[in-house]
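Engineer: Pasting model_17.cif below, which is mmCIF, C-alpha atoms.
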data_coords
#
loop_
_atom_site.label_atom_id
_atom_site.label_comp_id
_atom_site.auth_asym_id
_atom_site.auth_seq_id
_atom_site.Cartn_x
_atom_site.Cartn_y
_atom_site.Cartn_z
CA MET A 1 91.87 52.68 157.49
CA GLY A 2 88.54 54.49 157.44
CA MET A 3 89.50 57.17 159.98
CA THR A 4 89.49 60.85 158.98
CA ALA A 5 92.18 63.45 159.65
CA ARG A 6 91.46 67.15 160.17
CA VAL A 7 93.75 68.51 157.43
CA LEU A 8 95.68 67.19 154.46
CA ALA A 9 98.33 69.84 153.80
CA VAL A 10 100.10 69.99 150.43
CA ASP A 11 102.96 72.30 149.49
CA ALA A 12 103.80 71.61 145.85
CA GLY A 13 106.65 73.56 144.29
CA ASN A 14 108.34 73.31 140.93
CA SER A 15 111.11 71.09 142.29
CA LYS A 16 109.54 69.15 145.17
CA THR A 17 106.25 68.46 146.92
CA ASP A 18 105.67 67.96 150.66
CA VAL A 19 102.51 66.46 152.16
CA ALA A 20 101.44 66.36 155.82
CA VAL A 21 98.44 64.73 157.50
CA VAL A 22 97.29 66.63 160.59
CA ALA A 23 94.94 65.36 163.31
CA GLY A 24 92.21 67.37 165.02
CA ASP A 25 94.49 68.16 167.97
CA GLY A 26 97.26 69.48 165.71
CA THR A 27 99.40 66.33 165.80
CA VAL A 28 101.25 65.63 162.56
CA LEU A 29 100.29 62.03 161.84
CA ALA A 30 102.47 61.48 158.76
CA THR A 31 104.44 63.24 156.05
CA ALA A 32 105.65 62.35 152.57
CA ARG A 33 107.68 63.93 149.79
CA THR A 34 107.65 63.57 146.02
CA GLY A 35 108.79 65.42 142.91
CA GLY A 36 107.86 68.81 141.54
CA PHE A 37 104.38 69.96 140.52
CA ARG A 38 104.43 71.29 136.95
CA PRO A 39 101.01 71.23 135.23
CA PRO A 40 102.13 73.54 132.37
CA ALA A 41 104.85 71.04 131.43
CA VAL A 42 103.08 67.69 131.93
CA GLY A 43 99.35 68.49 132.12
CA VAL A 44 97.03 68.69 135.11
CA ARG A 45 96.25 64.97 135.28
CA GLN A 46 99.87 63.84 135.34
CA ALA A 47 100.82 66.59 137.80
CA VAL A 48 98.06 65.49 140.18
CA ASP A 49 99.14 61.86 139.70
CA THR A 50 102.51 62.92 141.11
CA LEU A 51 100.75 64.29 144.19
CA ALA A 52 98.67 61.13 144.52
CA GLY A 53 101.62 58.89 145.30
CA ALA A 54 102.72 61.10 148.20
CA VAL A 55 99.17 61.53 149.52
CA GLU A 56 98.53 57.78 149.47
CA ARG A 57 101.80 57.07 151.30
CA ALA A 58 101.00 59.67 153.93
CA TYR A 59 97.44 58.43 154.42
CA THR A 60 98.65 54.86 154.77
CA ALA A 61 101.30 55.84 157.31
CA ALA A 62 98.74 57.91 159.27
CA GLY A 63 96.13 55.16 159.21
CA VAL A 64 93.47 57.41 157.67
CA SER A 65 91.54 57.41 154.42
CA SER A 66 90.58 61.07 154.04
CA ALA A 67 90.63 64.51 155.66
CA ASP A 68 88.01 67.06 156.59
CA HIS A 69 89.90 69.72 154.66
CA VAL A 70 92.51 69.65 151.91
CA SER A 71 94.76 72.72 152.01
CA ALA A 72 96.78 72.69 148.79
CA CYS A 73 99.35 75.41 148.08
CA LEU A 74 100.47 74.72 144.53
CA ALA A 75 103.05 76.12 142.17
CA ASN A 76 101.63 77.31 138.86
CA ALA A 77 98.26 78.14 140.46
CA ASP A 78 98.75 81.73 139.39
CA LEU A 79 95.35 82.73 137.96
CA PRO A 80 91.82 82.16 139.32
CA VAL A 81 90.99 79.90 136.37
CA GLU A 82 94.04 77.75 137.20
CA GLU A 83 92.98 77.54 140.85
CA GLU A 84 89.49 76.45 139.75
CA THR A 85 90.86 73.77 137.42
CA LEU A 86 93.21 72.40 140.07
CA THR A 87 90.50 72.50 142.75
CA ALA A 88 88.25 70.37 140.54
CA ALA A 89 91.11 67.94 139.84
CA LEU A 90 91.84 67.51 143.56
CA HIS A 91 88.12 67.15 144.40
CA ALA A 92 87.93 64.30 141.92
CA ARG A 93 90.54 62.37 143.93
CA ALA A 94 88.26 62.38 147.01
CA TRP A 95 91.11 63.11 149.41
CA GLY A 96 88.92 65.33 151.58
CA ALA A 97 85.48 66.79 152.06
CA ARG A 98 86.59 70.32 151.18
CA VAL A 99 89.45 71.53 148.98
CA ASP A 100 91.14 74.93 149.02
CA VAL A 101 93.76 75.61 146.35
CA ARG A 102 96.11 78.59 146.60
CA ASN A 103 99.41 79.58 145.04
CA ASP A 104 102.35 78.05 146.91
CA THR A 105 103.56 81.52 147.94
CA PHE A 106 100.71 81.62 150.49
CA ALA A 107 102.27 78.62 152.27
CA ILE A 108 105.51 80.49 152.82
CA LEU A 109 103.60 83.52 154.12
CA ARG A 110 101.49 81.53 156.59
CA ALA A 111 104.51 79.49 157.76
CA GLY A 112 106.18 82.66 158.96
CA VAL A 113 103.38 84.44 160.85
CA ALA A 114 101.30 83.72 163.94
CA GLU A 115 98.08 84.76 162.16
CA PRO A 116 97.10 85.11 158.48
CA ARG A 117 98.36 88.69 158.24
CA GLY A 118 101.38 89.96 156.34
CA VAL A 119 103.16 89.94 153.00
CA ALA A 120 105.51 87.35 151.54
CA VAL A 121 107.95 87.70 148.66
CA VAL A 122 109.30 84.46 147.26
CA CYS A 123 112.33 84.33 144.99
CA GLY A 124 113.34 80.88 143.83
CA ALA A 125 113.26 79.87 140.18
CA GLY A 126 110.85 82.78 139.68
CA ILE A 127 109.59 85.65 141.79
CA ASN A 128 106.18 86.18 143.36
CA CYS A 129 104.48 88.14 146.13
CA VAL A 130 101.25 87.69 148.08
CA GLY A 131 99.66 89.36 151.08
CA MET A 132 96.72 88.54 153.32
CA ARG A 133 94.65 89.87 156.19
CA PRO A 134 92.60 87.88 158.72
CA ASP A 135 89.39 89.23 157.18
CA GLY A 136 90.15 87.28 153.99
CA ARG A 137 91.44 90.18 151.90
CA ALA A 138 94.41 89.23 149.77
CA ALA A 139 96.88 90.90 147.41
CA ARG A 140 98.74 89.05 144.69
CA PHE A 141 100.30 89.33 141.24
CA PRO A 142 99.92 87.06 138.17
CA ALA A 143 103.63 86.11 138.45
CA LEU A 144 103.87 84.70 134.92
CA GLY A 145 107.27 86.16 134.08
CA ARG A 146 108.11 89.15 131.94
CA VAL A 147 104.69 89.05 130.27
CA SER A 148 103.15 90.00 133.63
CA GLY A 149 105.80 92.58 134.47
CA ASP A 150 108.08 90.41 136.62
CA TRP A 151 111.85 90.70 136.84
CA GLY A 152 114.13 88.47 138.85
CA GLY A 153 113.99 84.96 140.19
CA GLY A 154 116.86 82.52 139.82
CA SER A 155 116.14 81.80 136.15
CA GLY A 156 115.81 85.47 135.27
CA LEU A 157 119.02 86.36 137.10
CA ALA A 158 120.93 83.65 135.25
CA GLU A 159 119.66 84.98 131.90
CA GLU A 160 120.64 88.54 132.82
CA ALA A 161 124.10 87.41 133.90
CA LEU A 162 124.61 85.53 130.62
CA TRP A 163 123.46 88.55 128.61
CA HIS A 164 125.91 90.92 130.28
CA ALA A 165 128.77 88.41 130.13
CA ALA A 166 128.26 87.73 126.41
CA ARG A 167 128.27 91.45 125.59
CA ALA A 168 131.32 92.06 127.75
CA GLU A 169 133.32 89.42 125.93
CA ASP A 170 132.48 90.53 122.39
CA GLY A 171 132.75 94.27 123.08
CA ARG A 172 129.10 95.32 122.94
CA GLY A 173 128.93 95.79 126.70
CA VAL A 174 130.98 97.01 129.63
CA PRO A 175 133.64 94.74 131.12
CA THR A 176 132.51 92.32 133.82
CA ASP A 177 134.16 89.38 135.54
CA LEU A 178 130.99 87.41 134.78
CA ALA A 179 132.54 86.79 131.35
CA ARG A 180 135.10 84.63 133.16
CA THR A 181 133.20 83.21 136.15
CA LEU A 182 130.14 81.95 134.25
CA PRO A 183 131.99 79.74 131.74
CA ALA A 184 134.50 78.71 134.40
CA HIS A 185 131.64 77.18 136.41
CA PHE A 186 131.22 74.64 133.62
CA GLY A 187 134.95 74.20 133.05
CA LEU A 188 134.91 76.28 129.86
CA PRO A 189 137.44 78.97 128.86
CA THR A 190 135.20 81.65 127.28
CA MET A 191 131.66 82.91 127.01
CA TYR A 192 131.70 81.90 123.34
CA ALA A 193 132.32 78.31 124.40
CA LEU A 194 129.52 78.50 126.97
CA ILE A 195 127.08 80.03 124.47
CA GLU A 196 127.89 77.25 122.02
CA ALA A 197 127.48 74.55 124.68
CA LEU A 198 124.11 75.92 125.76
CA HIS A 199 122.85 76.37 122.21
CA LEU A 200 123.85 72.84 121.17
CA GLU A 201 122.49 71.48 124.46
CA HIS A 202 125.82 70.02 125.48
CA ILE A 203 124.85 71.68 128.76
CA ALA A 204 121.20 71.05 129.61
CA GLU A 205 119.02 74.14 129.80
CA ALA A 206 117.93 73.06 133.29
CA ARG A 207 121.48 73.67 134.51
CA ARG A 208 121.33 77.40 133.80
CA HIS A 209 120.01 77.96 137.32
CA GLU A 210 123.47 76.96 138.59
CA LEU A 211 124.72 80.34 137.37
CA THR A 212 122.68 82.30 139.91
CA PRO A 213 125.01 81.50 142.84
CA VAL A 214 127.94 82.34 140.53
CA LEU A 215 126.39 85.76 139.96
CA PHE A 216 126.14 86.39 143.71
CA ALA A 217 129.71 85.18 144.31
CA THR A 218 130.97 87.50 141.56
CA ALA A 219 129.04 90.39 143.10
CA ALA A 220 130.54 89.62 146.50
CA HIS A 221 134.00 90.04 144.97
CA GLY A 222 133.09 93.58 143.90
CA ASP A 223 132.15 93.23 140.22
CA ALA A 224 130.09 96.30 139.32
CA VAL A 225 127.79 94.63 136.79
CA ALA A 226 127.02 91.71 139.10
CA ARG A 227 126.41 94.07 142.02
CA ALA A 228 124.02 96.14 139.91
CA LEU A 229 121.94 93.02 139.17
CA VAL A 230 121.76 92.17 142.87
CA ASP A 231 120.72 95.73 143.66
CA ARG A 232 118.00 95.56 141.02
CA LEU A 233 116.65 92.38 142.59
CA ALA A 234 116.46 94.12 145.98
CA GLU A 235 114.53 96.92 144.27
CA GLU A 236 112.07 94.44 142.73
CA VAL A 237 111.49 92.63 146.02
CA VAL A 238 110.76 95.87 147.86
CA THR A 239 108.55 97.19 145.06
CA MET A 240 106.36 94.08 145.16
CA ALA A 241 106.19 94.09 148.96
CA SER A 242 105.35 97.79 149.27
CA VAL A 243 102.64 97.58 146.60
CA ALA A 244 101.06 94.58 148.36
CA LEU A 245 101.18 96.39 151.70
CA ALA A 246 99.50 99.43 150.15
CA ARG A 247 96.75 97.33 148.57
CA LEU A 248 95.97 95.83 151.98
CA ASP A 249 96.14 99.18 153.81
CA LEU A 250 99.04 97.90 155.91
CA LEU A 251 101.69 100.53 155.19
CA GLU A 252 100.85 102.38 158.39
CA GLU A 253 100.79 99.28 160.61
CA GLU A 254 103.67 97.13 161.85
CA THR A 255 103.44 94.21 159.44
CA PRO A 256 105.59 91.12 158.77
CA VAL A 257 107.25 90.94 155.37
CA LEU A 258 108.40 87.35 154.89
CA LEU A 259 111.24 86.55 152.50
CA GLY A 260 111.38 83.01 151.13
CA GLY A 261 112.58 80.86 148.27
CA SER A 262 116.10 79.63 147.61
CA VAL A 263 117.55 82.98 146.49
CA LEU A 264 116.27 84.98 149.48
CA ALA A 265 116.80 82.15 151.99
CA ALA A 266 120.50 82.09 151.04
CA ARG A 267 120.81 85.43 152.89
CA HIS A 268 123.30 87.04 150.49
CA PRO A 269 124.49 90.06 152.50
CA GLN A 270 124.23 92.61 149.68
CA LEU A 271 120.71 91.48 148.78
CA THR A 272 119.44 91.18 152.36
CA ASP A 273 120.91 94.54 153.38
CA GLY A 274 119.56 96.20 150.25
CA ILE A 275 116.04 94.93 150.92
CA ARG A 276 116.11 96.13 154.53
CA GLU A 277 117.45 99.56 153.59
CA LEU A 278 114.84 100.10 150.86
CA LEU A 279 111.99 98.87 153.05
CA ALA A 280 113.06 101.28 155.79
CA VAL A 281 112.43 104.13 153.34
CA ARG A 282 109.32 102.91 151.50
CA ALA A 283 107.55 100.89 154.21
CA PRO A 284 109.11 101.90 157.55
CA LYS A 285 106.69 99.80 159.60
CA ALA A 286 107.42 96.59 157.68
CA VAL A 287 109.27 93.92 159.65
CA PRO A 288 111.33 91.81 157.21
CA THR A 289 112.12 88.22 158.20
CA VAL A 290 113.63 85.32 156.27
CA VAL A 291 111.34 82.28 156.54
CA THR A 292 113.16 79.10 157.51
CA ALA A 293 110.16 76.90 158.37
CA SER A 294 109.03 74.34 155.82
CA PRO A 295 106.24 75.79 153.64
CA VAL A 296 104.07 72.70 154.25
CA LEU A 297 103.65 74.09 157.78
CA GLY A 298 101.96 77.11 156.21
CA ALA A 299 99.64 74.89 154.17
CA ALA A 300 98.69 73.03 157.36
CA LEU A 301 98.04 76.27 159.27
CA LEU A 302 95.87 77.59 156.43
CA GLY A 303 93.87 74.38 156.64
CA LEU A 304 93.44 74.78 160.41
CA ASP A 305 92.39 78.42 159.83
CA ALA A 306 89.70 77.23 157.43
CA THR A 307 88.37 74.66 159.92
CA ARG A 308 88.37 77.27 162.71
CA ALA A 309 90.66 75.20 164.87
CA PRO A 310 91.48 76.79 168.26
CA SER A 311 94.85 78.45 168.81
CA ASP A 312 96.25 75.57 170.88
CA VAL A 313 95.76 73.28 167.86
CA HIS A 314 97.78 75.71 165.74
CA GLU A 315 100.56 75.65 168.32
#
Show this structure as structure tokens.
Structural biologist:
Amino acid sequence: MGMTARVLAVDAGNSKTDVAVVAGDGTVLATARTGGFRPPAVGVRQAVDTLAGAVERAYTAAGVSSADHVSACLANADLPVEEETLTAALHARAWGARVDVRNDTFAILRAGVAEPRGVAVVCGAGINCVGMRPDGRAARFPALGRVSGDWGGGSGLAEEALWHAARAEDGRGVPTDLARTLPAHFGLPTMYALIEALHLEHIAEARRHELTPVLFATAAHGDAVARALVDRLAEEVVTMASVALARLDLLEEETPVLLGGSVLAARHPQLTDGIRELLAVRAPKAVPTVVTASPVLGAALLGLDATRAPSDVHE
């Protein structure tokens, strides 16, 4: 121990965290994985403690004790004040000489482009969008849910599906097969039984996200209500992307639009086709691509950008 790596890369999402230690020549010396990063639920100190275990394992495996630069792309770093708080918390751990904290959406963006230029829309549990240019300009949204104007994400889609299914069953809404497929997923006969099970916590609230794939499967079988929800998500994705492109003056240039997160990475045909068709109208020069690379790659590349590493090191 005692040696120093070039970059400590951290990609910390709500469900899992990946860490990579990168040498000055671009070699990945070690990696580690741990649980999700959720400061709003457990507090900043405990959330950073979760990171610490993975960082220490990776440093030990790499044979180093610190890095020149810590590039941390973190879930729930949505506002500048949150980035400042998390930056201070990571500085206090002395993992590296310099610490940069960004929202984890930036990791997905950088993982999918050859230079820090483009827009990324991420749809997993929630939905978010960021954009960047090589000159340091960035575009982003608060991404705090409905209070900040967001619609969509896996959790939001599940709630919408439940709402429509409940109203279909009791007569307040239009018929939809979601009233059958949602409770059937949990082995229940009716929406009333599912509502009761959720309310009484016989089914954990955390399991609601399981209903998002059920929504897409129901849409694929032609259900009009389910298909309308998928179409609305495509609309939201394209709205966020086109606004970010406009803010960065990139609407008139061929620009990558990266699609990431579990919902978009699943490549549901209706959703993927809808996004491409809408982008062709609103941002004809956008080049949509689903990101398949691990986001921790993006965190590492952002760290190498910050240390002005040559292009062969990035490769």
Engineer: At most 9 Å is the cut-off: for each residue in range 124-202 of chain A with any atom that close to an atom of range 64-85 of chain A, write down the nearest atom pair and the distance in Å rounded to one decimal, counting all atoms listed in the file, chain first then increasing number, as a tab-separated table.
Structural biologist:
residue	atom	partner	partner_atom	distance
A:Phe141	CA	A:Asp78	CA	8.0
A:Pro142	CA	A:Asp78	CA	5.6
A:Ala143	CA	A:Asp78	CA	6.6
A:Leu144	CA	A:Asp78	CA	7.4
Engineer: Given the PyMOL selection byres ((chain A and resi 223) around 12) and the file above, list the residues it selects as a list in words.
Structural biologist: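 Going through the file, the PyMOL selection byres ((chain A and resi 223) around 12) ends up selecting Ala161, His164, Ala165, Val174, Pro175, Thr176, Asp177, Leu178, Ala179, Arg180, Thr181, Val214, Leu215, Phe216, Ala217, Thr218, Ala219, Ala220, His221, Gly222, Ala224, Val225, Ala226, Arg227, Ala228, Leu229 and Val230 of chain A.
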Engineer: Pull C-alpha atoms from the residues just selected and write them as a tab-separated table (two decimals), keeping the file's coordinate frame.
Structural biologist:
chain	number	residue	atom	x	y	z
A	161	ALA	CA	124.10	87.41	133.90
A	164	HIS	CA	125.91	90.92	130.28
A	165	ALA	CA	128.77	88.41	130.13
A	174	VAL	CA	130.98	97.01	129.63
A	175	PRO	CA	133.64	94.74	131.12
A	176	THR	CA	132.51	92.32	133.82
A	177	ASP	CA	134.16	89.38	135.54
A	178	LEU	CA	130.99	87.41	134.78
A	179	ALA	CA	132.54	86.79	131.35
A	180	ARG	CA	135.10	84.63	133.16
A	181	THR	CA	133.20	83.21	136.15
A	214	VAL	CA	127.94	82.34	140.53
A	215	LEU	CA	126.39	85.76	139.96
A	216	PHE	CA	126.14	86.39	143.71
A	217	ALA	CA	129.71	85.18	144.31
A	218	THR	CA	130.97	87.50	141.56
A	219	ALA	CA	129.04	90.39	143.10
A	220	ALA	CA	130.54	89.62	146.50
A	221	HIS	CA	134.00	90.04	144.97
A	222	GLY	CA	133.09	93.58	143.90
A	224	ALA	CA	130.09	96.30	139.32
A	225	VAL	CA	127.79	94.63	136.79
A	226	ALA	CA	127.02	91.71	139.10
A	227	ARG	CA	126.41	94.07	142.02
A	228	ALA	CA	124.02	96.14	139.91
A	229	LEU	CA	121.94	93.02	139.17
A	230	VAL	CA	121.76	92.17	142.87
Engineer: Running the PyMOL selection byres ((chain A and resi 251-255) around 6) on this model by hand, what would come out? Give it as a PyMOL selection string.
Structural biologist: chain A and resi 118+245-246+249-250+256+283+285-287
Engineer: Would you be able to write out as a PyMOL selection string which residues have an atom within 12 Å of (99.5, 77.8, 168.9) in the file's coordinates, counting all atoms listed in the file?
Structural biologist: chain A and resi 25-27+113-115+301+304-305+309-315
Engineer: Got time to write the residues from that selection, C-alpha atoms, as a PDB file, keeping the file's coordinate frame?
Structural biologist:
ATOM      1  CA  ASP A  25      94.490  68.160 167.970  1.00  0.00           C
ATOM      2  CA  GLY A  26      97.260  69.480 165.710  1.00  0.00           C
ATOM      3  CA  THR A  27      99.400  66.330 165.800  1.00  0.00           C
ATOM      4  CA  VAL A 113     103.380  84.440 160.850  1.00  0.00           C
ATOM      5  CA  ALA A 114     101.300  83.720 163.940  1.00  0.00           C
ATOM      6  CA  GLU A 115      98.080  84.760 162.160  1.00  0.00           C
ATOM      7  CA  LEU A 301      98.040  76.270 159.270  1.00  0.00           C
ATOM      8  CA  LEU A 304      93.440  74.780 160.410  1.00  0.00           C
ATOM      9  CA  ASP A 305      92.390  78.420 159.830  1.00  0.00           C
ATOM     10  CA  ALA A 309      90.660  75.200 164.870  1.00  0.00           C
ATOM     11  CA  PRO A 310      91.480  76.790 168.260  1.00  0.00           C
ATOM     12  CA  SER A 311      94.850  78.450 168.810  1.00  0.00           C
ATOM     13  CA  ASP A 312      96.250  75.570 170.880  1.00  0.00           C
ATOM     14  CA  VAL A 313      95.760  73.280 167.860  1.00  0.00           C
ATOM     15  CA  HIS A 314      97.780  75.710 165.740  1.00  0.00           C
ATOM     16  CA  GLU A 315     100.560  75.650 168.320  1.00  0.00           C
TER      17      GLU A 315
END
Engineer: In Å, with one decimal, what is the gap from CA of Arg146 in chain A to CA of Val10 in chain A?
Structural biologist: 27.8 Å
Engineer: For the atom pair CA of Arg267 in chain A and CA of Asp11 in chain A, what is the interatomic distance in Å to one decimal place?
Structural biologist: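 For CA of Arg267 in chain A relative to CA of Asp11 in chain A, the distance reads 22.4 Å.
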Engineer: I'd like the neighbourhood of range 36-52 of chain A as a PyMOL selection string, where a residue qualifies if any of its atoms comes within 9 Å (using all atoms listed in the file), though same-chain residues fewer than 6 positions away should be ignored.
Structural biologist: chain A and resi 10+12-19+74-76+85-86+89-90+93
Engineer: Can you work out which one of A:Leu278, A:Leu297, A:Val238, A:Val130 has the shortest atom-to-atom distance to Arg102 in chain A, counting only C-alpha atoms?
Structural biologist: A:Val130
Engineer: From the list A:Ala300, A:Val257, A:Tyr192, A:Asp231, which residue is nearest Arg117 in chain A when using all atoms listed in the file?
Structural biologist: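 Using all atoms listed in the file, the shortest distance to Arg117 in chain A belongs to A:Val257.
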Engineer: Give me, please, the distance in Å between CA of Leu271 in chain A and CA of Val296 in chain A, quoted to one decimal.
Structural biologist: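 So the answer is 25.7 Å.
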Engineer: When the PyMOL selection byres ((chain A and resi 155) around 7) is applied to the file above, which residues end up in the set, as a list of chain:residue names?
Structural biologist: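 After applying the PyMOL selection byres ((chain A and resi 155) around 7), what remains is A:Ala125, A:Gly126, A:Gly153, A:Gly154, A:Gly156, A:Leu157, A:Ala158, A:Glu159, A:His209.
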Engineer: Keeping C-alpha atoms for every residue in the selection just given, could you write it to a file as a PDB file, in the frame of the given file?
Structural biologist:
ATOM      1  CA  ALA A 125     113.260  79.870 140.180  1.00  0.00           C
ATOM      2  CA  GLY A 126     110.850  82.780 139.680  1.00  0.00           C
ATOM      3  CA  GLY A 153     113.990  84.960 140.190  1.00  0.00           C
ATOM      4  CA  GLY A 154     116.860  82.520 139.820  1.00  0.00           C
ATOM      5  CA  GLY A 156     115.810  85.470 135.270  1.00  0.00           C
ATOM      6  CA  LEU A 157     119.020  86.360 137.100  1.00  0.00           C
ATOM      7  CA  ALA A 158     120.930  83.650 135.250  1.00  0.00           C
ATOM      8  CA  GLU A 159     119.660  84.980 131.900  1.00  0.00           C
ATOM      9  CA  HIS A 209     120.010  77.960 137.320  1.00  0.00           C
TER      10      HIS A 209
END
Engineer: Would you mind completing range 54-62 of chain A to all heavy atoms and writing the output as a tab-separated table (two decimals), in the coordinates of the input?
Structural biologist:
chain	number	residue	atom	x	y	z
A	54	ALA	N	102.33	60.60	146.88
A	54	ALA	CA	102.72	61.10	148.20
A	54	ALA	C	101.54	61.09	149.15
A	54	ALA	O	101.66	60.73	150.33
A	54	ALA	CB	103.31	62.50	148.09
A	55	VAL	N	100.36	61.51	148.66
A	55	VAL	CA	99.17	61.53	149.52
A	55	VAL	C	98.83	60.11	150.00
A	55	VAL	O	98.55	59.89	151.19
A	55	VAL	CB	97.97	62.15	148.78
A	55	VAL	CG1	96.68	61.98	149.58
A	55	VAL	CG2	98.23	63.62	148.49
A	56	GLU	N	98.86	59.16	149.09
A	56	GLU	CA	98.53	57.78	149.47
A	56	GLU	C	99.52	57.22	150.48
A	56	GLU	O	99.12	56.53	151.43
A	56	GLU	CB	98.45	56.91	148.22
A	56	GLU	CG	97.23	57.25	147.34
A	56	GLU	CD	97.36	56.75	145.92
A	56	GLU	OE1	98.32	55.98	145.63
A	56	GLU	OE2	96.51	57.14	145.09
A	57	ARG	N	100.81	57.53	150.32
A	57	ARG	CA	101.80	57.07	151.30
A	57	ARG	C	101.55	57.69	152.66
A	57	ARG	O	101.64	57.03	153.69
A	57	ARG	CB	103.22	57.38	150.82
A	57	ARG	CG	103.68	56.59	149.62
A	57	ARG	CD	105.20	56.62	149.45
A	57	ARG	NE	105.74	57.96	149.41
A	57	ARG	CZ	105.81	58.71	148.32
A	57	ARG	NH1	105.34	58.24	147.17
A	57	ARG	NH2	106.34	59.93	148.35
A	58	ALA	N	101.24	58.98	152.67
A	58	ALA	CA	101.00	59.67	153.93
A	58	ALA	C	99.73	59.16	154.60
A	58	ALA	O	99.72	58.93	155.83
A	58	ALA	CB	100.92	61.18	153.70
A	59	TYR	N	98.68	58.96	153.85
A	59	TYR	CA	97.44	58.43	154.42
A	59	TYR	C	97.66	57.03	155.00
A	59	TYR	O	97.17	56.71	156.09
A	59	TYR	CB	96.34	58.40	153.37
A	59	TYR	CG	95.54	59.69	153.24
A	59	TYR	CD1	94.61	59.85	152.22
A	59	TYR	CD2	95.70	60.73	154.14
A	59	TYR	CE1	93.86	61.02	152.09
A	59	TYR	CE2	94.97	61.91	154.03
A	59	TYR	CZ	94.06	62.04	153.00
A	59	TYR	OH	93.33	63.20	152.89
A	60	THR	N	98.38	56.21	154.28
A	60	THR	CA	98.65	54.86	154.77
A	60	THR	C	99.45	54.90	156.07
A	60	THR	O	99.13	54.20	157.04
A	60	THR	CB	99.42	54.05	153.71
A	60	THR	OG1	98.61	53.94	152.53
A	60	THR	CG2	99.75	52.65	154.22
A	61	ALA	N	100.48	55.73	156.10
A	61	ALA	CA	101.30	55.84	157.31
A	61	ALA	C	100.50	56.40	158.49
A	61	ALA	O	100.72	56.03	159.64
A	61	ALA	CB	102.52	56.72	157.04
A	62	ALA	N	99.55	57.30	158.21
A	62	ALA	CA	98.74	57.91	159.27
A	62	ALA	C	97.58	57.02	159.70
A	62	ALA	O	96.96	57.26	160.74
A	62	ALA	CB	98.21	59.26	158.80
